[in-house]
Amino acid sequence: MRYAEVSVNSPGAGNQTFSYLIPPGLSIKVGQAVWVPFGDKLLQGIVLGLAEYPSVEETKEIAGIIQTEPLLSPSYVKLAQWISEYYQSPLFDAVALMLPPGFERKVVTFISSPKDASECDLPTLNEKQRYVLHLAQREGKVKSKDIQKSLGAKQTTLTISQLVKKGLLVRSYELEKVKVRPKIIPYLKLAVTPEQAQEEVIKLLKQGKAAKRGNLLEFLLKMTRPVPLAEAVKQVGSRPVVDTLVRQGLVSVEPVEVKREPISYEGITPSEPLKLTAAQKVAFDAIKSSLLQMKVGHPSPPSSPSVFLLRGVTGSGKTEVYLQALAQAVRLGKRGIVLVPEIALTPQTIERFASRFPHKVAVLHSQLSLGEQFDEWQRIKNGEFDVVIGPRSALFAPQPELGLIVIDEEHEWTYKQHDTSPRYHARSVALKLAELTGAVMILGSATPDVETFYYAKMGDYRLLELPERVTPREGSTLPGVEVIDLREELKAGNRSLFSRSLSQAIAEAVYNKEQVILFLNRRGAATFVQCRSCGLVLRCRRCEVALTYHLAEEVLVCHQCNYKIPVPQICPQCLSYRIKFLGIGTQKLEQEAGFAFPQARLLRWDSDVTRRKRAHQEILSKFRAHEADILIGTQMVAKGLDLPLVTLVGVVSADTALNLPDFRAGEKTFQLLSQVAGRAGRGIWGGRVIIQTYSPEHYAIKAASKHDYTSFYEREIAYRRQLRYPPFCQLVRLTYAHTNDAACQREAEKMKERLSQDIEAKGIAGLSLIGPAPAFIHRLRGRYRWQLILRGSEVASFVSQIEIPRGWTVDVDPIGLS
């Protein structure tokens with residue numbers, strides 16, 4: 001093939017490939033990383049195809065190869081193309097999901113003043129132009145980003161353009177520095193035989209001044225392998241001693257590549273497979289049968305579906321089924337990927353899998369250092385691991401011979417990437433990956449996504465059920481749930497955060513040396529701050545949201561953009577001192593729990609206290625070691641944790657998400673309550689759950705209190721069918737953002753008119769438009785947002801045929817409309 005179709009790392013590349021001529025003598029493969037000329041820049045590109053003829057008349061040559069071996073396998077090349085097409089994202093954004101950590105290098109713009117620049121225009125320059133020109137002349141070469149710190153982005157671009165036009169400046173482009181490299185550490189080893197070294201030791205120790213050299217040689221003789229140079233220097237306390245031995249040819253220093261290992265196996269002991277219950281064995285046998293039918297490079301036959309929905313109540317042993325299914329895949333020469341919804345769950349999952357597959361488990365997530373991510377990615381590609389564990393991004397690990405994909409807690413909204421392009425859902429992408437590789441896929445949950453369960457009912461997936469808990473107690477059942485009507489508590493004069501029943505239950509559990517989880521899905525201490533004189537609510541200056549009071553820092557914080565201000569002593573509008581903190585968050589709950597139960601040891605688990613590396617693991621380890629009696633947290637404490645000493649779960653407010661303008665509000669509430677309730681009663685003492693709410697009659701809360709997924713599903717699916725929401729249609733959300741609200745609205749109305757005309761012209765039935773309307777958070781990070789919702793069948797296909805103007809974002813299959 002003479003031409004390569006390349007996806008180029010440039011914002012202007014869009015969702016297309018570009019044809020490049022392959023120079024004579026250069027061997028190019030699909031999936032390979034190359035350097036290509038793009039405009040006046042030299043950029044990174046990934047080869048996605050080879051062709052005998054180019055797609056355009058004039059082509060440039062590939063400038064060079066970045067790496068000799070392909071970075072993307074054929075399956076991942078097809079997957080990247082599918083993601084770009086389905087989710088309407090730039091092609092390289094989809095490709096970038098699968099590249100090694102730190103691979104992408106942005107183009108840095110420099111400016112400099114040419115020696116032959118004319119000085120006749122100097123008197124006509126304004127102050128900003130003089131400043132930029134003087135800076136370039138003084139420094140020789142300046143990054144445009146450095147100038148932005150003084151002039152701002154817009155003014156910098158304008159000023160540089162004016163000076164370039166006058167011939168006083170020239171632009172040049174360079175790629176930013178390499179972000180990460182293999183870790184190389186100098187090691188020290190003997191350069192002579194042990195016998196020769198021993199003779200030298202005896203000789204040196206006789207000389208008083210040379211004793212340190214003798215000690216170092218003696219130390220190296222005891223070592224069975226080379227030792228880090230730093231350790232050797234520490235042993236003798238002097239680097240010159242080492243240098244002398246090197247000069248004498250007795251020892252040598254060699255660079256050794258060291259792998260940065262994110263998993264510590266300290267405290268992890270190998271474990272054997274557990275005996276399966278009857279229900280677990282039925283599920284495992286079905287998955288095993290599908291694994292045995294796998295053929296390399298071919299998907300499973302349609303008569304035996306390779307996608308399983310494993311619906312098991314909380315504590316029913318879904319993880320054991322995953323482990324034994326993975327062991328079966330490994331016996332067949334295959335490997336697996338296991339996705340978890342939160343980084344918080346990764347330590348516990350790693351522990352379970354690492355004990356079953358010692359030193360064969362890789363982990364990938366954003367809290368690892370870039371070096372750790374880089375090393376793990378390379379080792380995964382080399383086939384060193386049987387299983388890769390992590391949140392949604394781990395799906396794109398280059399796991400060779402992929403045979404099994406597990407998505408634990410498949411219902412979780414965190415599997416959807418909603419803030420950056422491509423806005424993909426890991427579950428949908430995993431289904432496509434399984435199709436491309438022939439891998440078996442397991443979707444596991446106690447509370448499956450309504451759409452997933454519907455497809456299982458329709459026969460698209462095979463439904464496997466685990467209806468009973470597996471715990472140390474015989475005849476173990478799900479914990480009993482008590483629903484407290486907070487309206488009745490108020491009537492009884494109780495204005496505390498804790499109902500009388502919950503307060504008594506907490507006191508009993510703490511007294512009996514048991515553990516308690518208190519769940520509130522809201523961070524901070526007060527959700528908003530209001531002046532009681534004029535009614536002013538303190539808001540973010542960049543977002544249309546109220547600021548949240550954070551107790552520890554004594555500041556008001558925007559949870560959207562992290563804007564912070566000190567807590568005002570007086571109202572900035574009417575100068576009143578009547579400032580009131582309203583609403584509650586986990587910080588306030590922690591404070592109130594401390595007042596109400598002074599004898600209890602408290603621990604909080606939310607995103608405010610888990611910003612440090614390994615913070616999740618530290619909190620989990622402390623609570624499991626019973627260094628705290630009460631764990632207070634947000635949704636992090638609701639997902640998949642196995643804590644045998646927890647006998648009581650208290651849901652402080654079940655209403656936080658119930659009344660959001662979102663058709664999935666009821667489903668999210670049911671799932672969250674069911675999941676957090678499932679943390680109780682996993683040990684020998686059993687457990688109970690207390691849910692506090694102002695809406696005890698809501699069907700989601702009623703169903704959650706009875707652990708009744710079936711009744712919830714029947715009510716929810718009837719509601720979706722009646723109102724034509726997924727799975728009975730597809731949704732696509734178009735959002736336009738602008739600094740001017742009126743301009744934003746005009747553009748949204750213009751887009752609606754254009755879409756309406758296209759729908760009418762093509763005669764598409766059943767495709768409707770909702771909006772335009774302001775987004776739920778109308779102003780975000782200084783930009784107003786208006787949105788349009790398209791509802792119908794095959795909406796993504798319709799949108800893909802439309803040229804979307806700049807400023808719009810497309811979200812296919814949004815997780816919510818709020």
# chains A, B, ... in the order shown; residues from 1 in each chain; ligands from 1
$ residues_around --residues "range 42-50 of chain A" --least-positions-apart "6" --cutoff "6 Å" --atoms "only C-alpha atoms" --output "number ranges by chain"
A: 1, 3-9, 30-36
$ write_last_selection --atoms "all heavy atoms" --output "short mmCIF file (atom, residue, chain, number, x, y, z; two decimals), in the first residue's frame"
data_model
loop_
_atom_site.label_atom_id
_atom_site.label_comp_id
_atom_site.auth_asym_id
_atom_site.auth_seq_id
_atom_site.Cartn_x
_atom_site.Cartn_y
_atom_site.Cartn_z
N MET A 1 0.84 -1.19 0.00
CA MET A 1 0.00 0.00 0.00
C MET A 1 0.89 1.25 0.00
O MET A 1 1.83 1.33 0.77
CB MET A 1 -0.93 0.00 1.22
CG MET A 1 -1.91 -1.17 1.23
SD MET A 1 -3.12 -1.05 -0.08
CE MET A 1 -4.10 -2.51 0.23
N TYR A 3 -0.30 4.52 0.45
CA TYR A 3 -0.81 5.64 1.23
C TYR A 3 -1.34 5.18 2.58
O TYR A 3 -1.82 4.05 2.73
CB TYR A 3 -1.92 6.37 0.45
CG TYR A 3 -1.42 7.01 -0.82
CD1 TYR A 3 -1.42 6.31 -2.03
CD2 TYR A 3 -0.93 8.32 -0.80
CE1 TYR A 3 -0.94 6.89 -3.19
CE2 TYR A 3 -0.45 8.91 -1.97
CZ TYR A 3 -0.45 8.18 -3.15
OH TYR A 3 0.03 8.77 -4.28
N ALA A 4 -1.25 6.09 3.55
CA ALA A 4 -1.76 5.81 4.90
C ALA A 4 -2.83 6.82 5.25
O ALA A 4 -2.70 8.02 4.94
CB ALA A 4 -0.62 5.88 5.92
N GLU A 5 -3.91 6.33 5.87
CA GLU A 5 -4.96 7.22 6.38
C GLU A 5 -4.65 7.46 7.86
O GLU A 5 -4.63 6.52 8.66
CB GLU A 5 -6.34 6.58 6.21
CG GLU A 5 -6.81 6.48 4.77
CD GLU A 5 -6.98 7.85 4.12
OE1 GLU A 5 -7.46 8.78 4.80
OE2 GLU A 5 -6.63 7.99 2.93
N VAL A 6 -4.39 8.73 8.21
CA VAL A 6 -3.86 9.07 9.52
C VAL A 6 -4.82 9.96 10.29
O VAL A 6 -5.34 10.94 9.75
CB VAL A 6 -2.48 9.77 9.38
CG1 VAL A 6 -1.92 10.13 10.75
CG2 VAL A 6 -1.50 8.88 8.63
N SER A 7 -5.05 9.61 11.57
CA SER A 7 -5.77 10.50 12.49
C SER A 7 -4.73 11.41 13.14
O SER A 7 -3.79 10.93 13.77
CB SER A 7 -6.50 9.67 13.56
OG SER A 7 -7.07 10.52 14.53
N VAL A 8 -4.90 12.72 12.98
CA VAL A 8 -3.88 13.69 13.39
C VAL A 8 -4.27 14.35 14.70
O VAL A 8 -5.43 14.73 14.91
CB VAL A 8 -3.68 14.77 12.29
CG1 VAL A 8 -2.59 15.75 12.70
CG2 VAL A 8 -3.33 14.11 10.97
N ASN A 9 -3.27 14.51 15.59
CA ASN A 9 -3.48 15.13 16.90
C ASN A 9 -3.54 16.65 16.75
O ASN A 9 -2.58 17.36 17.05
CB ASN A 9 -2.36 14.72 17.85
CG ASN A 9 -2.55 15.28 19.25
OD1 ASN A 9 -3.60 15.83 19.57
ND2 ASN A 9 -1.54 15.15 20.09
N VAL A 30 -0.91 -0.53 10.35
CA VAL A 30 -2.12 0.04 10.96
C VAL A 30 -1.95 0.04 12.48
O VAL A 30 -1.49 -0.94 13.07
CB VAL A 30 -3.37 -0.77 10.56
CG1 VAL A 30 -4.59 -0.30 11.34
CG2 VAL A 30 -3.62 -0.66 9.07
N GLY A 31 -2.30 1.17 13.11
CA GLY A 31 -2.16 1.31 14.55
C GLY A 31 -0.86 1.95 14.98
O GLY A 31 -0.64 2.19 16.17
N GLN A 32 0.02 2.25 14.00
CA GLN A 32 1.34 2.79 14.31
C GLN A 32 1.28 4.31 14.54
O GLN A 32 0.46 5.01 13.95
CB GLN A 32 2.29 2.49 13.16
CG GLN A 32 3.74 2.47 13.52
CD GLN A 32 4.57 1.81 12.42
OE1 GLN A 32 4.09 1.56 11.33
NE2 GLN A 32 5.82 1.52 12.72
N ALA A 33 2.17 4.80 15.41
CA ALA A 33 2.28 6.24 15.66
C ALA A 33 3.34 6.83 14.74
O ALA A 33 4.45 6.29 14.63
CB ALA A 33 2.65 6.49 17.12
N VAL A 34 2.99 7.95 14.08
CA VAL A 34 3.89 8.56 13.10
C VAL A 34 3.93 10.08 13.28
O VAL A 34 3.04 10.67 13.91
CB VAL A 34 3.45 8.23 11.64
CG1 VAL A 34 3.63 6.76 11.34
CG2 VAL A 34 2.00 8.67 11.40
N TRP A 35 4.99 10.70 12.71
CA TRP A 35 5.06 12.16 12.62
C TRP A 35 4.55 12.56 11.24
O TRP A 35 4.95 11.98 10.23
CB TRP A 35 6.50 12.65 12.76
CG TRP A 35 7.13 12.41 14.11
CD1 TRP A 35 8.17 11.59 14.40
CD2 TRP A 35 6.75 13.03 15.34
NE1 TRP A 35 8.47 11.63 15.74
CE2 TRP A 35 7.61 12.51 16.36
CE3 TRP A 35 5.77 13.94 15.72
CZ2 TRP A 35 7.53 12.88 17.68
CZ3 TRP A 35 5.68 14.32 17.04
CH2 TRP A 35 6.54 13.80 18.01
N VAL A 36 3.64 13.55 11.20
CA VAL A 36 3.11 14.00 9.91
C VAL A 36 3.09 15.53 9.85
O VAL A 36 2.84 16.19 10.86
CB VAL A 36 1.68 13.47 9.66
CG1 VAL A 36 1.68 11.96 9.44
CG2 VAL A 36 0.73 13.85 10.79
#
$ residues_around --residues "Ser316 in chain A" --least-positions-apart "3" --cutoff "6 Å" --atoms "only C-alpha atoms" --output "ChimeraX atom specification"
/A:312-313,468-470
$ write_last_selection --atoms "N, CA and C atoms" --output "PDB file, in the first residue's frame"
ATOM      1  N   GLY A 312     -27.707 -10.051  41.141  1.00  0.00           N
ATOM      2  CA  GLY A 312     -27.647 -10.711  42.442  1.00  0.00           C
ATOM      3  C   GLY A 312     -27.853  -9.697  43.538  1.00  0.00           C
ATOM      4  N   VAL A 313     -28.611 -10.036  44.552  1.00  0.00           N
ATOM      5  CA  VAL A 313     -28.841  -9.116  45.664  1.00  0.00           C
ATOM      6  C   VAL A 313     -27.499  -8.755  46.291  1.00  0.00           C
ATOM      7  N   GLU A 468     -30.090 -14.965  46.796  1.00  0.00           N
ATOM      8  CA  GLU A 468     -29.844 -15.044  48.245  1.00  0.00           C
ATOM      9  C   GLU A 468     -28.449 -14.554  48.599  1.00  0.00           C
ATOM     10  N   ARG A 469     -28.340 -14.030  49.828  1.00  0.00           N
ATOM     11  CA  ARG A 469     -27.044 -13.574  50.325  1.00  0.00           C
ATOM     12  C   ARG A 469     -26.152 -14.752  50.712  1.00  0.00           C
ATOM     13  N   VAL A 470     -24.834 -14.508  50.611  1.00  0.00           N
ATOM     14  CA  VAL A 470     -23.849 -15.477  51.097  1.00  0.00           C
ATOM     15  C   VAL A 470     -23.076 -14.795  52.219  1.00  0.00           C
TER      16      VAL A 470
END
$ select_by_dssp --residues "range 456-499 of chain A" --states "strand (DSSP E or B)" --output "list in words"
Arg462, Leu463, Leu464, Glu465, Leu466, Gly480, Val481, Glu482, Val483, Ile484 and Asp485 of chain A
$ residues_around --residues "range 665-671 of chain A" --least-positions-apart "6" --cutoff "7 Å" --atoms "only C-alpha atoms" --output "short mmCIF file (atom, residue, chain, number, x, y, z; two decimals) with N, CA, C and O atoms, in the first residue's frame"
data_model
loop_
_atom_site.label_atom_id
_atom_site.label_comp_id
_atom_site.auth_asym_id
_atom_site.auth_seq_id
_atom_site.Cartn_x
_atom_site.Cartn_y
_atom_site.Cartn_z
N THR A 447 -28.99 -3.90 41.34
CA THR A 447 -30.07 -3.01 40.86
C THR A 447 -29.76 -2.60 39.43
O THR A 447 -29.35 -1.47 39.18
N ALA A 657 -31.84 13.50 45.54
CA ALA A 657 -31.91 13.44 44.07
C ALA A 657 -33.33 13.19 43.56
O ALA A 657 -33.56 13.19 42.36
N LEU A 658 -34.26 13.02 44.50
CA LEU A 658 -35.60 12.56 44.12
C LEU A 658 -36.38 13.58 43.28
O LEU A 658 -37.16 13.22 42.40
N ASN A 659 -36.17 14.86 43.54
CA ASN A 659 -36.99 15.88 42.88
C ASN A 659 -36.24 16.68 41.82
O ASN A 659 -36.66 17.78 41.45
N ALA A 700 -40.19 4.68 44.51
CA ALA A 700 -38.78 4.29 44.56
C ALA A 700 -38.36 3.97 46.00
O ALA A 700 -37.65 2.99 46.26
N ILE A 701 -38.83 4.79 46.94
CA ILE A 701 -38.46 4.58 48.35
C ILE A 701 -39.19 3.36 48.90
O ILE A 701 -38.62 2.55 49.64
N ALA A 704 -37.39 0.27 47.50
CA ALA A 704 -36.06 0.12 48.12
C ALA A 704 -36.19 -0.43 49.54
O ALA A 704 -35.38 -1.25 49.98
#
$ closest_residue --among "A:Gln367, A:Gln81, A:Ala765, A:Val450" --to "Arg720 in chain A" --atoms "only C-alpha atoms"
A:Val450
$ closest_residue --among "A:Ile789, A:Val95, A:Leu589, A:Leu122" --to "Pro814 in chain A" --atoms "only C-alpha atoms"
A:Ile789
$ closest_residue --among "A:Gln617, A:Tyr511, A:Phe498, A:Met441" --to "Ala593 in chain A" --atoms "only C-alpha atoms"
A:Phe498
$ select_by_dssp --residues "range 330-544 of chain A" --states "alpha helix (DSSP H)" --output "PyMOL selection string"
chain A and resi 330-331+346-356+370-381+426-437+450-457+486-491+500-511
$ residues_around --residues "Ile632 in chain A" --least-positions-apart "3" --cutoff "6 Å" --atoms "only C-alpha atoms" --output "PyMOL selection string"
chain A and resi 517-518+604
$ atom_distance --atom1 "CA of Gln88 in chain A" --atom2 "CA of Pro74 in chain A"
21.1 Å
$ closest_residue --among "A:Thr159, A:Cys534, A:Gln148, A:Leu205" --to "Lys128 in chain A" --atoms "only C-alpha atoms"
A:Thr159
$ closest_residue --among "A:Thr68, A:Glu554, A:Ala505, A:Arg791" --to "Ile28 in chain A" --atoms "only C-alpha atoms"
A:Thr68
$ atom_distance --atom1 "CA of Pro262 in chain A" --atom2 "CA of Tyr187 in chain A"
21.6 Å
$ closest_residue --among "A:Gln417, A:Gln129, A:Thr269, A:Ser607" --to "Lys166 in chain A" --atoms "only C-alpha atoms"
A:Gln129
$ atom_distance --atom1 "CA of Ala526 in chain A" --atom2 "CA of Ala600 in chain A"
23.0 Å
$ decode --residues "range 139-151 of chain A" --atoms "all heavy atoms" --output "short mmCIF file (atom, residue, chain, number, x, y, z; two decimals), in the first residue's frame"
data_model
loop_
_atom_site.label_atom_id
_atom_site.label_comp_id
_atom_site.auth_asym_id
_atom_site.auth_seq_id
_atom_site.Cartn_x
_atom_site.Cartn_y
_atom_site.Cartn_z
N GLU A 139 14.32 38.21 25.22
CA GLU A 139 14.44 36.78 25.53
C GLU A 139 14.90 35.95 24.34
O GLU A 139 15.34 34.82 24.50
CB GLU A 139 13.09 36.24 26.03
CG GLU A 139 12.55 36.92 27.26
CD GLU A 139 13.39 36.65 28.50
OE1 GLU A 139 14.03 35.58 28.54
OE2 GLU A 139 13.41 37.50 29.40
N GLY A 140 14.72 36.49 23.13
CA GLY A 140 15.08 35.73 21.93
C GLY A 140 13.93 34.88 21.42
O GLY A 140 13.58 34.94 20.25
N LYS A 141 13.32 34.09 22.31
CA LYS A 141 12.17 33.24 21.94
C LYS A 141 11.26 33.13 23.16
O LYS A 141 11.74 32.80 24.24
CB LYS A 141 12.66 31.87 21.49
CG LYS A 141 11.58 31.04 20.82
CD LYS A 141 12.16 29.86 20.05
CE LYS A 141 12.60 28.74 20.96
NZ LYS A 141 12.94 27.50 20.22
N VAL A 142 9.98 33.41 22.97
CA VAL A 142 9.04 33.45 24.10
C VAL A 142 7.81 32.60 23.78
O VAL A 142 7.30 32.64 22.66
CB VAL A 142 8.58 34.90 24.42
CG1 VAL A 142 7.72 34.93 25.67
CG2 VAL A 142 9.75 35.82 24.55
N LYS A 143 7.33 31.85 24.79
CA LYS A 143 6.07 31.11 24.64
C LYS A 143 4.92 32.11 24.66
O LYS A 143 4.88 32.99 25.52
CB LYS A 143 5.88 30.11 25.78
CG LYS A 143 6.77 28.90 25.73
CD LYS A 143 6.42 27.99 26.91
CE LYS A 143 7.39 26.83 27.00
NZ LYS A 143 7.11 25.99 28.18
N SER A 144 3.97 31.94 23.74
CA SER A 144 2.81 32.83 23.74
C SER A 144 2.00 32.68 25.03
O SER A 144 1.38 33.63 25.50
CB SER A 144 1.92 32.56 22.52
OG SER A 144 1.37 31.27 22.59
N LYS A 145 2.02 31.46 25.64
CA LYS A 145 1.28 31.25 26.89
C LYS A 145 1.84 32.10 28.02
O LYS A 145 1.11 32.52 28.91
CB LYS A 145 1.32 29.77 27.28
CG LYS A 145 0.21 28.96 26.64
CD LYS A 145 0.02 27.63 27.36
CE LYS A 145 -1.24 26.93 26.83
NZ LYS A 145 -1.49 25.67 27.52
N ASP A 146 3.16 32.35 27.99
CA ASP A 146 3.77 33.18 29.04
C ASP A 146 3.28 34.62 28.95
O ASP A 146 3.12 35.30 29.96
CB ASP A 146 5.30 33.13 28.93
CG ASP A 146 5.85 31.76 29.29
OD1 ASP A 146 5.10 30.98 29.91
OD2 ASP A 146 7.01 31.46 28.93
N ILE A 147 3.03 35.08 27.73
CA ILE A 147 2.54 36.45 27.53
C ILE A 147 1.09 36.56 27.99
O ILE A 147 0.65 37.60 28.49
CB ILE A 147 2.66 36.87 26.04
CG1 ILE A 147 4.13 36.77 25.62
CG2 ILE A 147 2.14 38.28 25.80
CD1 ILE A 147 4.36 36.95 24.14
N GLN A 148 0.34 35.46 27.85
CA GLN A 148 -1.07 35.47 28.25
C GLN A 148 -1.24 35.78 29.73
O GLN A 148 -2.26 36.33 30.15
CB GLN A 148 -1.72 34.11 27.94
CG GLN A 148 -1.95 33.87 26.46
CD GLN A 148 -2.54 32.49 26.19
OE1 GLN A 148 -3.05 31.84 27.09
NE2 GLN A 148 -2.45 32.04 24.95
N LYS A 149 -0.24 35.45 30.55
CA LYS A 149 -0.33 35.72 31.98
C LYS A 149 -0.43 37.21 32.25
O LYS A 149 -1.02 37.64 33.24
CB LYS A 149 0.89 35.14 32.71
CG LYS A 149 0.96 33.62 32.66
CD LYS A 149 2.28 33.09 33.19
CE LYS A 149 2.40 31.59 33.01
NZ LYS A 149 3.73 31.09 33.40
N SER A 150 0.16 38.02 31.38
CA SER A 150 0.12 39.48 31.55
C SER A 150 -1.02 40.13 30.79
O SER A 150 -1.69 41.03 31.30
CB SER A 150 1.45 40.10 31.09
OG SER A 150 2.52 39.56 31.80
N LEU A 151 -1.27 39.68 29.55
CA LEU A 151 -2.25 40.37 28.68
C LEU A 151 -3.59 39.64 28.56
O LEU A 151 -4.55 40.23 28.09
CB LEU A 151 -1.65 40.55 27.27
CG LEU A 151 -0.35 41.34 27.15
CD1 LEU A 151 0.01 41.52 25.69
CD2 LEU A 151 -0.48 42.70 27.82
#
